[in-house]
>>> print(open('protein-v4.cif').read())   # mmCIF, C-alpha atoms
data_protein
loop_
_atom_site.label_atom_id
_atom_site.label_comp_id
_atom_site.auth_asym_id
_atom_site.auth_seq_id
_atom_site.Cartn_x
_atom_site.Cartn_y
_atom_site.Cartn_z
CA MET A 9 -4.19 -13.21 -25.30
CA THR A 10 -6.01 -10.05 -26.13
CA ILE A 11 -4.40 -6.62 -26.01
CA ALA A 12 -6.03 -5.85 -22.63
CA GLN A 13 -4.54 -9.02 -21.17
CA VAL A 14 -1.09 -8.18 -22.53
CA ILE A 15 -1.29 -4.67 -21.03
CA PHE A 16 -2.43 -6.14 -17.72
CA ALA A 17 0.41 -8.69 -17.72
CA VAL A 18 3.06 -6.05 -18.46
CA ILE A 19 1.80 -3.69 -15.73
CA SER A 20 1.52 -6.46 -13.15
CA ALA A 21 4.99 -7.73 -14.01
CA VAL A 22 6.34 -4.21 -13.36
CA VAL A 23 4.40 -3.99 -10.08
CA LEU A 24 5.51 -7.37 -8.78
CA VAL A 25 9.15 -7.16 -9.88
CA SER A 26 9.56 -3.75 -8.29
CA ALA A 27 7.76 -4.98 -5.15
CA VAL A 28 10.28 -7.84 -4.93
CA LEU A 29 13.09 -5.29 -5.25
CA VAL A 30 11.47 -3.16 -2.51
CA VAL A 31 11.69 -5.98 0.00
CA ALA A 32 14.96 -7.44 -1.28
CA SER A 33 17.28 -4.56 -2.16
CA ARG A 34 20.03 -3.89 0.35
CA ASN A 35 20.17 -0.15 -0.22
CA ILE A 36 17.19 1.48 1.48
CA VAL A 37 17.18 4.43 -0.96
CA HIS A 38 16.93 2.04 -3.90
CA ALA A 39 14.09 0.25 -2.10
CA ALA A 40 12.22 3.56 -1.79
CA LEU A 41 12.70 4.28 -5.51
CA TRP A 42 11.43 0.79 -6.43
CA LEU A 43 8.47 1.43 -4.13
CA ILE A 44 7.63 4.50 -6.19
CA LEU A 45 7.71 2.45 -9.40
CA SER A 46 5.51 -0.21 -7.82
CA LEU A 47 2.98 2.41 -6.65
CA PHE A 48 2.93 3.89 -10.16
CA GLY A 49 2.19 0.44 -11.54
CA VAL A 50 -0.73 0.03 -9.16
CA ALA A 51 -2.01 3.44 -10.30
CA ALA A 52 -1.84 2.17 -13.89
CA LEU A 53 -3.86 -0.88 -12.83
CA PHE A 54 -6.48 1.47 -11.37
CA ALA A 55 -6.58 3.28 -14.69
CA VAL A 56 -7.07 -0.06 -16.49
CA LEU A 57 -9.95 -0.76 -14.08
CA GLU A 58 -11.55 2.54 -15.21
CA ALA A 59 -11.27 4.03 -11.72
CA GLY A 60 -9.74 7.31 -12.88
CA PHE A 61 -10.22 9.20 -9.64
CA ILE A 62 -8.58 6.43 -7.60
CA ALA A 63 -5.64 6.34 -10.04
CA VAL A 64 -5.09 10.09 -9.69
CA VAL A 65 -5.42 9.90 -5.90
CA GLN A 66 -2.91 7.04 -5.86
CA VAL A 67 -0.36 9.14 -7.75
CA VAL A 68 -1.00 12.27 -5.66
CA ILE A 69 -1.10 10.65 -2.21
CA TYR A 70 1.19 7.64 -2.49
CA VAL A 71 3.75 8.79 -5.04
CA GLY A 72 3.49 12.47 -4.22
CA ALA A 73 3.13 12.47 -0.44
CA ILE A 74 3.90 9.12 1.17
CA ALA A 75 6.92 8.25 -0.98
CA THR A 76 8.35 11.73 -0.45
CA LEU A 77 7.80 11.36 3.30
CA ILE A 78 9.58 7.98 3.26
CA ILE A 79 12.54 9.43 1.35
CA PHE A 80 12.72 12.31 3.84
CA ALA A 81 12.73 9.82 6.72
CA ILE A 82 15.54 7.87 5.03
CA MET A 83 17.57 11.04 4.53
CA LEU A 84 17.10 11.99 8.19
CA THR A 85 18.10 8.56 9.52
CA ARG A 86 20.39 7.21 6.85
CA ARG A 87 23.77 7.17 8.55
CA GLU A 88 22.74 4.15 10.55
CA MET A 89 21.73 1.83 7.72
CA ARG A 90 24.88 2.32 5.62
CA GLU A 91 27.14 0.39 7.93
CA ALA A 92 24.56 -2.08 9.22
CA GLY A 93 25.15 -4.40 6.27
CA GLN A 94 22.59 -7.05 7.16
CA GLN A 95 19.15 -5.83 6.06
CA THR A 96 17.11 -8.80 7.23
CA HIS A 97 17.28 -10.48 10.61
CA ARG A 98 18.52 -14.04 10.92
CA TRP A 99 15.02 -15.55 11.00
CA TRP A 100 14.21 -14.25 7.49
CA PRO A 101 13.44 -17.71 5.93
CA LEU A 102 10.45 -18.00 8.27
CA PRO A 103 8.62 -14.92 6.91
CA ALA A 104 9.55 -15.97 3.38
CA LEU A 105 7.99 -19.37 3.97
CA LEU A 106 4.94 -17.77 5.58
CA GLY A 107 4.50 -15.37 2.65
CA MET A 108 4.78 -18.15 0.07
CA ALA A 109 2.38 -20.40 1.98
CA LEU A 110 -0.13 -17.55 2.31
CA PHE A 111 0.16 -16.78 -1.40
CA ALA A 112 -0.27 -20.45 -2.34
CA GLY A 113 -3.36 -20.70 -0.15
CA LEU A 114 -4.86 -17.48 -1.49
CA ALA A 115 -4.14 -18.43 -5.11
CA TRP A 116 -5.73 -21.86 -4.63
CA LEU A 117 -8.75 -20.24 -2.97
CA LEU A 118 -9.14 -17.60 -5.69
CA VAL A 119 -8.86 -20.07 -8.55
CA SER A 120 -11.33 -22.50 -7.00
CA LEU A 121 -13.81 -19.78 -6.02
CA PRO A 122 -16.83 -19.59 -8.38
CA GLY A 123 -17.42 -16.31 -10.20
CA THR A 124 -13.86 -15.01 -10.25
CA GLY A 125 -13.52 -15.72 -13.95
CA ALA A 126 -16.17 -13.13 -14.73
CA THR A 127 -15.61 -10.32 -17.17
CA PRO A 128 -16.65 -6.82 -16.04
CA PRO A 129 -20.08 -5.47 -16.87
CA ALA A 130 -20.22 -2.22 -18.79
CA LEU A 131 -20.17 0.96 -16.72
CA ALA A 132 -23.53 2.70 -16.34
CA GLY A 133 -24.17 6.00 -18.06
CA ASP A 134 -23.34 8.23 -15.10
CA ASP A 135 -19.83 9.51 -14.56
CA PRO A 136 -18.15 7.40 -11.81
CA VAL A 137 -16.46 10.48 -10.34
CA LEU A 138 -19.85 12.19 -10.01
CA LEU A 139 -21.31 9.10 -8.33
CA LEU A 140 -18.31 8.85 -6.00
CA GLY A 141 -18.66 12.48 -4.96
CA GLN A 142 -22.37 12.04 -4.29
CA ALA A 143 -21.71 8.84 -2.32
CA LEU A 144 -19.05 10.52 -0.18
CA LEU A 145 -21.11 13.59 0.69
CA SER A 146 -24.73 12.43 0.88
CA PRO A 147 -25.90 11.93 4.49
CA GLU A 148 -27.67 8.65 3.77
CA GLN A 149 -24.55 7.08 2.28
CA TYR A 150 -20.98 7.75 3.44
CA MET A 151 -20.86 11.27 4.85
CA LEU A 152 -20.21 10.18 8.45
CA PRO A 153 -17.25 7.87 7.60
CA PHE A 154 -15.89 10.65 5.37
CA GLU A 155 -15.97 13.18 8.22
CA VAL A 156 -14.54 10.67 10.69
CA ALA A 157 -11.69 9.99 8.24
CA SER A 158 -10.96 13.71 7.99
CA VAL A 159 -10.87 14.04 11.80
CA LEU A 160 -8.59 10.97 11.96
CA LEU A 161 -6.25 12.56 9.41
CA LEU A 162 -6.15 15.84 11.34
CA ALA A 163 -5.49 14.06 14.63
CA ALA A 164 -2.76 11.93 13.03
CA LEU A 165 -1.00 14.95 11.55
CA VAL A 166 -1.14 16.90 14.82
CA GLY A 167 0.14 13.80 16.60
CA ALA A 168 2.96 13.40 14.08
CA ILE A 169 4.05 17.01 14.63
CA VAL A 170 3.98 16.49 18.41
CA VAL A 171 5.89 13.21 18.24
CA ALA A 172 8.56 14.28 15.75
CA GLY A 173 8.83 17.93 16.77
CA ASP A 174 11.81 19.13 18.73
CA THR A 175 10.56 19.42 22.32
CA ARG A 176 13.60 21.20 23.73
CA MET B 5 -11.09 -8.80 -21.06
CA VAL B 6 -9.01 -9.72 -18.04
CA PRO B 7 -10.82 -12.03 -15.59
CA LEU B 8 -11.29 -10.86 -12.01
CA SER B 9 -9.12 -13.63 -10.59
CA TRP B 10 -6.00 -12.17 -12.28
CA TYR B 11 -6.37 -8.94 -10.33
CA LEU B 12 -6.99 -10.84 -7.11
CA ILE B 13 -3.89 -12.99 -7.63
CA VAL B 14 -1.69 -9.96 -8.36
CA ALA B 15 -3.06 -8.29 -5.22
CA ALA B 16 -2.43 -11.47 -3.20
CA ALA B 17 1.17 -11.61 -4.44
CA LEU B 18 1.66 -7.93 -3.60
CA PHE B 19 0.20 -8.50 -0.12
CA CYS B 20 2.48 -11.49 0.54
CA LEU B 21 5.55 -9.56 -0.62
CA GLY B 22 4.61 -6.74 1.73
CA LEU B 23 4.08 -9.23 4.55
CA TYR B 24 7.55 -10.68 3.95
CA GLY B 25 9.01 -7.16 3.99
CA VAL B 26 7.26 -6.34 7.27
CA LEU B 27 8.35 -9.54 9.00
CA ALA B 28 11.89 -9.92 7.65
CA ARG B 29 13.41 -6.44 7.36
CA ARG B 30 15.32 -4.85 10.22
CA ASN B 31 15.04 -1.22 9.16
CA SER B 32 11.86 0.42 10.45
CA VAL B 33 11.47 2.50 7.28
CA ALA B 34 11.62 -0.70 5.21
CA ILE B 35 8.94 -2.21 7.46
CA LEU B 36 6.75 0.82 6.73
CA MET B 37 7.35 0.30 2.99
CA GLY B 38 6.10 -3.27 3.39
CA ILE B 39 2.95 -1.96 5.08
CA GLU B 40 2.41 0.43 2.17
CA LEU B 41 2.65 -2.50 -0.27
CA MET B 42 0.08 -4.44 1.75
CA LEU B 43 -2.31 -1.47 1.86
CA ASN B 44 -1.92 -1.05 -1.89
CA ALA B 45 -2.84 -4.69 -2.41
CA VAL B 46 -6.00 -4.14 -0.35
CA ILE B 47 -6.95 -1.07 -2.37
CA LEU B 48 -6.37 -2.98 -5.60
CA ASN B 49 -8.71 -5.71 -4.36
CA LEU B 50 -11.40 -3.18 -3.41
CA VAL B 51 -11.27 -1.41 -6.76
CA ALA B 52 -11.25 -4.70 -8.71
CA PHE B 53 -14.30 -5.95 -6.80
CA TRP B 54 -16.05 -2.61 -7.41
CA ARG B 55 -15.41 -2.78 -11.16
CA TYR B 56 -16.34 -6.44 -11.65
CA LEU B 57 -19.19 -6.99 -9.19
CA GLU B 58 -20.89 -3.69 -8.30
CA PRO B 59 -19.98 -0.96 -10.80
CA ALA B 60 -23.30 0.81 -10.23
CA ARG B 61 -22.73 1.41 -6.52
CA MET B 62 -19.66 3.30 -5.36
CA SER B 63 -19.00 1.39 -2.11
CA GLY B 64 -15.73 -0.11 -3.37
CA GLN B 65 -14.27 3.24 -4.39
CA VAL B 66 -15.47 4.87 -1.16
CA PHE B 67 -13.72 2.19 0.87
CA ALA B 68 -10.59 2.68 -1.27
CA VAL B 69 -10.65 6.41 -0.46
CA MET B 70 -10.98 5.57 3.25
CA VAL B 71 -7.97 3.25 3.01
CA PHE B 72 -6.02 6.08 1.37
CA ALA B 73 -6.84 8.40 4.28
CA VAL B 74 -5.85 5.79 6.86
CA ALA B 75 -2.65 5.00 4.93
CA ALA B 76 -1.67 8.66 4.88
CA ALA B 77 -2.30 8.95 8.63
CA GLU B 78 -0.36 5.74 9.29
CA ALA B 79 2.62 6.86 7.21
CA ALA B 80 2.75 10.27 8.93
CA VAL B 81 2.58 8.86 12.46
CA GLY B 82 4.90 5.94 11.69
CA LEU B 83 7.61 8.10 10.18
CA ALA B 84 7.28 10.60 13.04
CA LEU B 85 7.81 7.74 15.50
CA ILE B 86 10.86 6.54 13.55
CA ILE B 87 12.40 10.03 13.55
CA SER B 88 11.68 10.38 17.26
CA LEU B 89 13.27 6.98 17.93
CA TYR B 90 16.30 7.99 15.88
CA ARG B 91 16.67 11.17 17.95
CA LEU B 92 16.51 9.16 21.15
CA LYS B 93 18.56 6.03 20.35
CA ARG B 94 20.47 6.92 17.13
CA THR B 95 19.08 3.81 15.44
CA VAL B 96 16.25 2.84 13.13
CA VAL B 97 16.75 -0.92 13.52
CA ALA B 98 13.57 -2.38 14.97
CA ASP B 99 15.40 -4.96 17.10
CA GLU B 100 17.38 -2.29 18.93
CA ALA B 101 14.28 -0.34 20.00
CA ASP B 102 13.95 -2.19 23.31
CA LEU B 103 13.20 0.70 25.67
CA LEU B 104 10.15 -1.08 27.05
CA ARG B 105 12.01 -4.33 27.79
CA GLY B 106 11.95 -5.03 31.52
#
>>> encode(input="protein-v4.cif", output="structure tokens")
Amino acid sequence: MTIAQVIFAVISAVVLVSAVLVVASRNIVHAALWLILSLFGVAALFAVLEAGFIAVVQVVIYVGAIATLIIFAIMLTRREMREAGQQTHRWWPLPALLGMALFAGLAWLLVSLPGTGATPPALAGDDPVLLLGQALLSPEQYMLPFEVASVLLLAALVGAIVVAGDTR
Amino acid sequence: MVPLSWYLIVAAALFCLGLYGVLARRNSVAILMGIELMLNAVILNLVAFWRYLEPARMSGQVFAVMVFAVAAAEAAVGLALIISLYRLKRTVVADEADLLRG
């Protein structure tokens, strides 16, 4: 194994082990903290993939905003889950079986697919962040989806305030 | 270098773990955490495909940014719904949210 492969294996081991602890830990606060570690690991994988902007956005949005939001929601609703000892419903072996079958199928498909053993081509001379900014804001590429996404985000946040706000 | 299939297999494992979390957990917040894991697996796939197959065009990263925006919207609305449900029924267990049952 080369050094890049060792780094990749260590990061993915961190990601997958903490993801297992997210879905398996009985304490919901611990699950949220493992989720943060898993999201950090995915950000590190983005950095290994030379997608620097995506790695920074992952840390800012997922670790900074979404994980904080989840911890707030746990703090606001926690009393309930302390005493409800059982964290999974009684049919839990069925999803476990489904997940393992799906993973086995996907792994078989990915290994047998041609071209997945490729090594990455070298990045072109231009800065990827520059290219991404141009792609997001040029009218002939992705400006319309970008604006629609911003409207969606605004509508979702207004909706969240309406839904969670105190209406009395 | 690392072959593309390694990234895809890690993303598939992450997706399946998230799927298990969504289907098996009782706590709504834990279900949302499973959804976040699944969305992260999708983003990892998109970025890996961008890097290995089309590094000259930015489509993969643009789609990843879109998934980030949708994930943020989903988390905000989902957690608002959970807090609203908790106000109403004093529970966050998904099985006990049966207000629409006839």
>>> residues_around(input="protein-v4.cif", residues="stretch 27-42 of chain B", least_positions_apart="2", cutoff="8 Å", atoms="all atoms listed in the file", output="PyMOL selection string")
(chain A and resi 27+30-31+36+39-40+43+78+81-82+89+95-97+99-100+103-104) or (chain B and resi 18-25+44-46+75+79+82-83+86+96-99)
>>> residues_near_point(input="protein-v4.cif", point="(-13.9, 2.2, 4.4)", cutoff="12 Å", atoms="all atoms listed in the file", output="MDAnalysis selection string")
(chainID A and resid 144 149:157) or (chainID B and resid 46:47 50 62:75)
>>> atom_distance(input="protein-v4.cif", atom1="atom CA of A:Ile169", atom2="atom CA of A:Thr85")
17.2 Å
>>> atom_distance(input="protein-v4.cif", atom1="atom CA of B:Tyr90", atom2="atom CA of B:Ala76")
21.1 Å
>>> closest_atom_pairs(input="protein-v4.cif", of="chain A", to="chain B", cutoff="7 Å", atoms="all atoms listed in the file", output="tab-separated table")
residue	atom	partner	partner_atom	distance
A:Ala12	CA	B:Met5	CA	6.1
A:Gln13	CA	B:Val6	CA	5.5
A:Ser20	CA	B:Val14	CA	6.7
A:Leu24	CA	B:Leu18	CA	6.5
A:Ala27	CA	B:Leu21	CA	6.8
A:Val28	CA	B:Leu21	CA	6.6
A:Val31	CA	B:Gly25	CA	4.9
A:Leu57	CA	B:Arg55	CA	6.5
A:Ile74	CA	B:Ala79	CA	6.6
A:Ala81	CA	B:Leu83	CA	6.4
A:Thr85	CA	B:Tyr90	CA	6.6
A:Glu88	CA	B:Thr95	CA	6.1
A:Gln95	CA	B:Arg30	CA	5.7
A:Thr96	CA	B:Arg29	CA	4.4
A:His97	CA	B:Arg30	CA	6.0
A:Trp100	CA	B:Ala28	CA	4.9
A:Pro103	CA	B:Tyr24	CA	5.3
A:Ala104	CA	B:Tyr24	CA	5.7
A:Gly107	CA	B:Cys20	CA	4.9
A:Leu110	CA	B:Cys20	CA	6.8
A:Phe111	CA	B:Ala17	CA	6.1
A:Leu114	CA	B:Ala16	CA	6.7
A:Ala115	CA	B:Ile13	CA	6.0
A:Leu118	CA	B:Ser9	CA	6.3
A:Val119	CA	B:Ser9	CA	6.8
A:Thr124	CA	B:Ser9	CA	4.9
A:Gly125	CA	B:Pro7	CA	4.9
A:Ala126	CA	B:Pro7	CA	5.5
A:Thr127	CA	B:Pro7	CA	5.3
A:Pro128	CA	B:Tyr56	CA	4.4
A:Pro129	CA	B:Tyr56	CA	6.5
A:Leu131	CA	B:Pro59	CA	6.2
A:Ala132	CA	B:Ala60	CA	6.4
A:Leu139	CA	B:Met62	CA	6.7
A:Leu140	CA	B:Met62	CA	5.7
A:Ala143	CA	B:Met62	CA	6.6
A:Leu144	CA	B:Val66	CA	6.8
A:Ala157	CA	B:Ala73	CA	6.5
A:Leu161	CA	B:Ala77	CA	5.4
A:Ala164	CA	B:Ala77	CA	5.3
A:Leu165	CA	B:Ala80	CA	6.5
A:Gly167	CA	B:Val81	CA	6.9
A:Ala168	CA	B:Val81	CA	4.8
A:Val171	CA	B:Ala84	CA	6.0
A:Ala172	CA	B:Ala84	CA	4.7
>>> atom_distance(input="protein-v4.cif", atom1="atom CA of A:Ser46", atom2="atom CA of A:Val25")
8.1 Å
>>> closest_residue(input="protein-v4.cif", among="A:Glu58, A:Met83, A:Leu53, A:Ser33", to="A:Ala130", atoms="only C-alpha atoms")
A:Glu58
>>> resolve_selection(input="protein-v4.cif", expression="the PyMOL selection byres ((chain A and resi 64-70) around 9)", output="ChimeraX atom specification")
/A:44,47-48,50-51,54-55,59-63,71-76 /B:40,69,72-73,75-76
>>> axis_aligned_box(input="protein-v4.cif", around="stretch 19-36 of chain B", padding_each_side="8 Å", output="JSON")
{"center_x": 7.8, "center_y": -4.5, "center_z": 4.9, "size_x": 31.1, "size_y": 30.0, "size_z": 27.1}
